[in-house]
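Chemist: To start, I am sharing the structure in question, which I have written as structure tokens.
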Amino acid sequence: MPAFDYKFQQLAPLKSFKSVPEDEQYLPGHRTCAGCGPALNYRLVAKAAGKDTIFIGPTGCMYVANASYLCTPYAVSWIHAQITNAGAVASGIEAAFKIAARKGRNSGPFPNIIVMAGDGGSVDIGLQAMSGMMYRGHKVLFICYDNESYANTGIQVSPMTPYGAATTFTPPGKEIPEGNTLFPKNAPQLVIGGHPAVKYVATTTIAHPLDLMNKVRKALSQPGPTFLHILCPCPKGWLFDEKLTPEMAKLAVETGMWSMYEWQNGTYKYTHVPKKYKPVSDYMKPQGRFAHLKPEHIAKMQAFVDEKIKQVQRPIPVAAAVPTKQLA
Amino acid sequence: MAKALPGYGTIVVPEDRVVPFGAVTPAPVGTQKLFQTSNWRVVRPVRDEEKCTKCLQCYLACPDACWIYKADGETLEWVGDFCKGCQVCIQACPEDGALVAVPELDFEGGVVRLEKPF
Amino acid sequence: MAKESMMTGCRAAAEGAKAAEVEVICSYPIRPYTAIMMELAKMVADGELNAEFIHGEGEHAQVSVVLGASAAGARAYTGSSGVGVTYAMELYSPMAGGRYPVQMTIADRTLDPPGDFGSEHTDAMSTRDQGWLLGWACSPQEVYDNTLMSYRIGEDHRVMLPQMVCQDGYFISHIPDKVILGEMSQVKEFLPPYRPIHPLSLTNPVSHGPQIRPDQGAPMDAMRAQTFLAIPKVIEEATADFARIFGRKYDPFVEQYKLADAEIAFFIMGAHSNTARAAVDRLRKEGVKVGMARLRWVRPWPTHQLAEALGHVKAVGVVETSTSYGGAMRGGNLIHELRASLYDLDDRPLVTSFMGGLGGETIWPADFDYMAGILSGMVKEKRTDRYVYWLGM
């Protein structure tokens with residue numbers, strides 16, 4: 001197929017808080033918890049993306065809490081997807097806009113198509129659809145808003161829940177003192193490791209708003225699929241005072257629980273690397289979900305994080321992405 | 001031969017119960033007024049114009065977009081219709097005393113729910 | 001002059017989709033429908049069809065992809081067989097309730113366990129409560145015709161519902177028969193472009209599917225049911241228009257073959273109706289007053305039309321190529337609704353059923369002789385001895 005100008009948007013990086021677009025695309029008036037990390041994330045992502053955007057919202061907190069009842073806070077077009085299929089629904093929307101452009105039905109810019117999926121909808125029940133979308137090279141930004149649980153159903157364990165976290169499916173007890181015995185999947189590595197058409201992958205948190213918005217804009221300016229893994233602390237699930245939501249994200253970075261990086265064309269770029277990492281206990285103490293842990297459990301977590309930190313020092317090179325079918 | 005068979009009847013949905021076709025609703029403009037959450041809070045943030053350096057940390061920390069910044073005039077205004085009183089903005093403020101929590105009932109028209117939402 | 005060529009049901013479906021200028025196609029391989037997608041892939045690759053051809057990662061993904069595409073304003077097409085149809089089950093209600101008129105072409109296949117490539121209707125029949133239009137063809141020509149008629153009916157603003165266009169695997173999907181394709185001018189006259197009501201757009205932002213309360217769910221269900229009251233008229237209009245433009249006339253709901261003066265009748269759906277017609281002709285020569293009623297639409301079920309067509313018959317034999325384990329008649333899917341359709345008649349027919357063609361095996365002419373014998377016996381005895389007979393067992 002010959003190259004066609006779909007009028008993909010190019011979004012320039014923002015230099016300061018003052019230059020952030022003023023218009024809100026994620027409007028006030030939603031039933032999210034006070035201090036909700038994922039809600040703040042939605043607001044920042046929507047602001048960064050602008051009005052020529054379509055969101056796909058699989059079932060989760062950012063569906064149910066936002067869209068109740070029979071109303072939504074999205075100033076831009078949005079569609080509900082099943083928790084199983086956000087990647088697939090987004091693929092269909094992207095394809096429809098491509099064929100409409102080729103047939104001369106859309107004169108405006110190609111929409112930013114953004115999936116806003118929770119951890120479950122990204123790497124658990126939604127993994128297959130996400131992978132299919134990445135493989136096929138659709139121009140969609142897939143965002144995993146990571147609150148480290150199935151929060152909307154009342155905090156159950158997900159493949160992103162940290163070792164030792166109490167959830168309603170991993171309650172600590174006599175037989176299982178640590179609560180959650182499993183270590184989480186590595187979502188960005190799943191995407192980077194196996195999908196040659198992926199253009200850009202990055203991690204960030206809601207405590208780094210300018211970094212977050214610029215990574216969104218950079219991802220949206222790529223000609224193919226992109227993935228953002230965003231840490232969104234959840235006061236209700238992690239059991240901390242709601243005003244400390246950004247604090248928890250900062251602590252995650254400062255202790256090495258969360259690494260900040262970008263991956264593009266086979267190259268990693270790490271940022272916000274602490275000169276000296278704080279111990280993981282600094283991160284775990286203020287959160288009630290870790291209150292039951294004994295020193296041996298915290299030591300296990302520290303060992304896990306120490307291995308993660310080694311990745312920062314010597315990132316594993318990955319073969320460069322292949323050109324998408326659109327780059328003739 | 002074919003006598004009068006039963007029909008399917010009629011289905012009349014009362015006007016006040018009609019839901020939009022295919023559950024498609026128009027996008028809200030400005031704010032989603034159908035879900036005002038101002039009665040969730042017990043405190044509200046109050047900004048000291050003198051101490052505030054307009055760093056805009058509060059502006060980009062609010063999940064409910066309660067701080068409105070306009071570059072034209074460099075104005076920073078708090079709109080309380082949706083503020084849940086989470087205090088993330090107060091916590092994020094780097095200047096001592098520039099943003100403080102004041103009990104909601106200190107204000108005329110201040111509303112507090114008698115029970116916690118969750 | 002319209003050209004006639006030999007083609008399989010699979011090719012006929014692909015030709016129908018091509019004539020309808022479908023814009024987003026999502027494929028995934030499973031026997032026996034796969035050839036439909038193979039044909040379309042070639043058409044797209046050769047530039048004969050300007051469409052996005054997307055390799056879904058599974059049937060659940062296929063239906064999800066076309067849902068998104070339809071929501072964004074494209075005419076979308078997908079398909080499957082057997083357990084592929086049941087794998088996508090989660091999406092059927094969201095598709096129908098969201099009012100996205102995509103078309104899913106089904107070449108029936110027996111459900112696992114274990115793998116059986118032969119045709120049974122249970123795959124698509126098991127989705128019949130989900131709110132789609134659902135109908136069966138009995139020839140490759142009818143597959144092509146139903147493809148066009150279903151888009152026309154489904155995309156009508158009085159309907160706006162997805163459609164399953166079904167054909168028996170192997171018997172129709174893989175055995176060639178004579179098909180006349182429409183001219184582009186005929187297709188354009190019959191099938192207008194898809195006009196979505198509130199597509200996902202940048203200029204007119206909308207939210208598709210916000211969470212609702214239970215008291216909002218009840219009216220949502222009621223409004224979907226209201227649509228089904230309106231659909232028969234749309235089906236009649238479209239079928240009449242099809243006859244006018246293409247010159248092929250179908251009874252909108254029930255093909256009635258030598259039924260007018262029949263004393264006994266076969267009630268049947270899909271490929272085996274071809275054998276039934278031949279059996280009716282043969283038995284008539286032997287003096288048996290037998291006819292055939294072939295069901296074309298399962299949803300909406302033509303209750304009154306069936307009562308009208310079969311009301312005068314003394315005994316009806318439902319030929320079932322589907323299973324409904326533990327169902328009221330301990331047999332197949334069709335008998336329950338057929339009996340219900342006839343229940344209120346003054347002098348209602350005796351009704352029994354015959355399980356035939358299960359697993360994809362042939363129903364033989366001799367089987368129809370046997371069935372006719374049973375039905376004639378029922379008329380003589382003036383009673384139904386059994387709800388169900390299993391042919392050959």
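Following the order of the structure tokens, first chain is A, next is B, and so on, with residues numbered from 1 inside each chain and ligands from 1 in the order they appear.
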At a cut-off of 7 Å, list the chain B residues touching chain C, using only C-alpha atoms, as a ChimeraX atom specification.
Modeler: /B:2-3,5,11,13,17-19,22-27
Chemist: Could you dump the residues just selected with C-alpha atoms as an mmCIF file, in the first residue's frame?
Modeler:
data_model
loop_
_atom_site.group_PDB
_atom_site.id
_atom_site.type_symbol
_atom_site.label_atom_id
_atom_site.label_comp_id
_atom_site.auth_asym_id
_atom_site.auth_seq_id
_atom_site.Cartn_x
_atom_site.Cartn_y
_atom_site.Cartn_z
ATOM 1 C CA ALA B 2 -56.077 -18.344 11.813
ATOM 2 C CA LYS B 3 -58.103 -17.021 14.688
ATOM 3 C CA LEU B 5 -53.620 -14.911 17.990
ATOM 4 C CA ILE B 11 -44.075 -1.221 25.447
ATOM 5 C CA VAL B 13 -41.354 3.745 28.466
ATOM 6 C CA ARG B 17 -37.278 7.044 32.231
ATOM 7 C CA VAL B 18 -36.186 7.099 28.607
ATOM 8 C CA VAL B 19 -32.443 6.403 28.264
ATOM 9 C CA GLY B 22 -27.569 2.924 22.542
ATOM 10 C CA ALA B 23 -26.555 4.546 25.858
ATOM 11 C CA VAL B 24 -24.748 7.296 23.958
ATOM 12 C CA THR B 25 -24.644 10.574 25.876
ATOM 13 C CA PRO B 26 -23.330 13.932 24.673
ATOM 14 C CA ALA B 27 -19.964 15.003 26.055
#
Chemist: Can you tell me which residues surround stretch 179-187 of chain A at a distance of at most 6 Å, considering only C-alpha atoms, apart from same-chain residues fewer than 6 positions away, and format the answer as an MDAnalysis selection string?
Modeler: chainID A and resid 159:166 170:172
Chemist: Counting only C-alpha atoms, figure out which residue out of B:Gly30, B:Pro45, B:Gly73, B:Pro6 gets nearest to chain A.
Modeler: B:Gly30
Chemist: Using only C-alpha atoms, which chain C residues lie at most 8 Å away from chain A, written as a ChimeraX atom specification?
Modeler: /C:23-24,50-52,54-57,60-62,64-74,200-202,204-213
Chemist: Within 10 Å of chain B, which residues belong to chain A? Use only C-alpha atoms and report them as JSON, numbers by chain.
Modeler: {"A": [16, 17, 18, 19, 20, 21, 22, 23, 24, 25, 26, 27, 28, 29, 30, 31, 32, 33, 34, 35, 36, 37, 38, 39, 40, 41, 42, 43, 44, 66, 67, 68, 69, 70, 71, 72, 73, 74, 75, 76, 77, 78, 79, 206, 207, 208, 209, 210, 236, 241, 242, 243, 244, 245, 246, 247]}
Chemist: Tell me which protein, DNA and RNA residues are within 10 Å of C:Glu59, counting only C-alpha atoms, leaving out same-chain ones fewer than 4 positions away, and put them as a CSV table (one decimal) with N, CA and C atoms, in the first residue's frame.
Modeler:
chain,number,residue,atom,x,y,z
C,26,CYS,N,-12.3,-7.9,10.2
C,26,CYS,CA,-11.4,-8.6,11.2
C,26,CYS,C,-11.4,-10.1,11.1
C,27,SER,N,-10.3,-10.7,10.8
C,27,SER,CA,-10.2,-12.1,10.5
C,27,SER,C,-9.6,-12.9,11.7
C,28,TYR,N,-9.9,-14.2,11.7
C,28,TYR,CA,-9.2,-15.1,12.5
C,28,TYR,C,-9.6,-16.5,12.0
C,29,PRO,N,-8.7,-17.4,11.9
C,29,PRO,CA,-9.0,-18.6,11.2
C,29,PRO,C,-9.7,-19.7,12.1
C,30,ILE,N,-10.8,-20.3,11.6
C,30,ILE,CA,-11.4,-21.5,12.2
C,30,ILE,C,-12.2,-22.1,11.1
C,63,VAL,N,-14.7,-9.7,17.3
C,63,VAL,CA,-15.9,-9.0,17.5
C,63,VAL,C,-15.7,-7.6,18.2
C,64,SER,N,-14.6,-7.6,19.0
C,64,SER,CA,-14.3,-6.3,19.7
C,64,SER,C,-13.8,-5.3,18.7
C,65,VAL,N,-13.0,-5.7,17.7
C,65,VAL,CA,-12.4,-4.8,16.7
C,65,VAL,C,-13.6,-4.2,15.9
C,78,THR,N,-17.1,-9.3,10.2
C,78,THR,CA,-16.3,-10.4,10.8
C,78,THR,C,-17.0,-11.7,10.6
C,79,GLY,N,-16.5,-12.8,11.2
C,79,GLY,CA,-17.2,-14.0,11.1
C,79,GLY,C,-16.5,-15.1,11.9
C,80,SER,N,-17.1,-16.3,12.1
C,80,SER,CA,-16.5,-17.4,12.8
C,80,SER,C,-17.3,-18.6,12.6
C,81,SER,N,-16.9,-19.7,13.3
C,81,SER,CA,-17.6,-21.0,13.3
C,81,SER,C,-17.5,-21.6,14.7
C,83,VAL,N,-16.8,-23.1,18.2
C,83,VAL,CA,-16.4,-22.6,19.5
C,83,VAL,C,-15.8,-21.2,19.3
C,84,GLY,N,-15.5,-20.8,18.1
C,84,GLY,CA,-15.1,-19.4,17.9
C,84,GLY,C,-16.3,-18.5,18.2
C,85,VAL,N,-17.5,-18.9,17.7
C,85,VAL,CA,-18.7,-18.1,18.0
C,85,VAL,C,-18.9,-18.0,19.5
C,86,THR,N,-18.8,-19.1,20.2
C,86,THR,CA,-19.1,-19.0,21.6
C,86,THR,C,-17.9,-18.3,22.4
C,87,TYR,N,-16.7,-18.3,21.9
C,87,TYR,CA,-15.6,-17.6,22.6
C,87,TYR,C,-15.9,-16.1,22.6
C,88,ALA,N,-16.5,-15.6,21.6
C,88,ALA,CA,-16.8,-14.1,21.5
C,88,ALA,C,-18.1,-13.7,22.3
C,89,MET,N,-18.7,-14.7,23.0
C,89,MET,CA,-20.0,-14.5,23.6
C,89,MET,C,-20.1,-13.2,24.4
Chemist: In chain B, what's alpha helix (DSSP H) per DSSP? Answer as number ranges by chain?
Modeler: B: 88-92
Chemist: Quick one: residues within 8 Å of C:Ala315, only C-alpha atoms, excluding same-chain residues fewer than 3 positions away - as JSON, numbers by chain?
Modeler: {"C": [263, 264, 265, 349, 350, 351, 352, 375, 376, 378, 379]}
Chemist: Skipping near chain neighbours, those fewer than 3 positions away, what residues fall within 10 Å of stretch 109-121 of chain C using only C-alpha atoms, listed as a PyMOL selection string?
Modeler: chain C and resi 30-33+80-86+106+124-126+136+166-173+269-271+320-323+332-333+356-362
Chemist: Residues at most 6 Å from stretch 93-109 of chain B, counting only C-alpha atoms, excluding those fewer than 6 positions away in the same chain, as a PyMOL selection string?
Modeler: chain B and resi 42-48+51-52
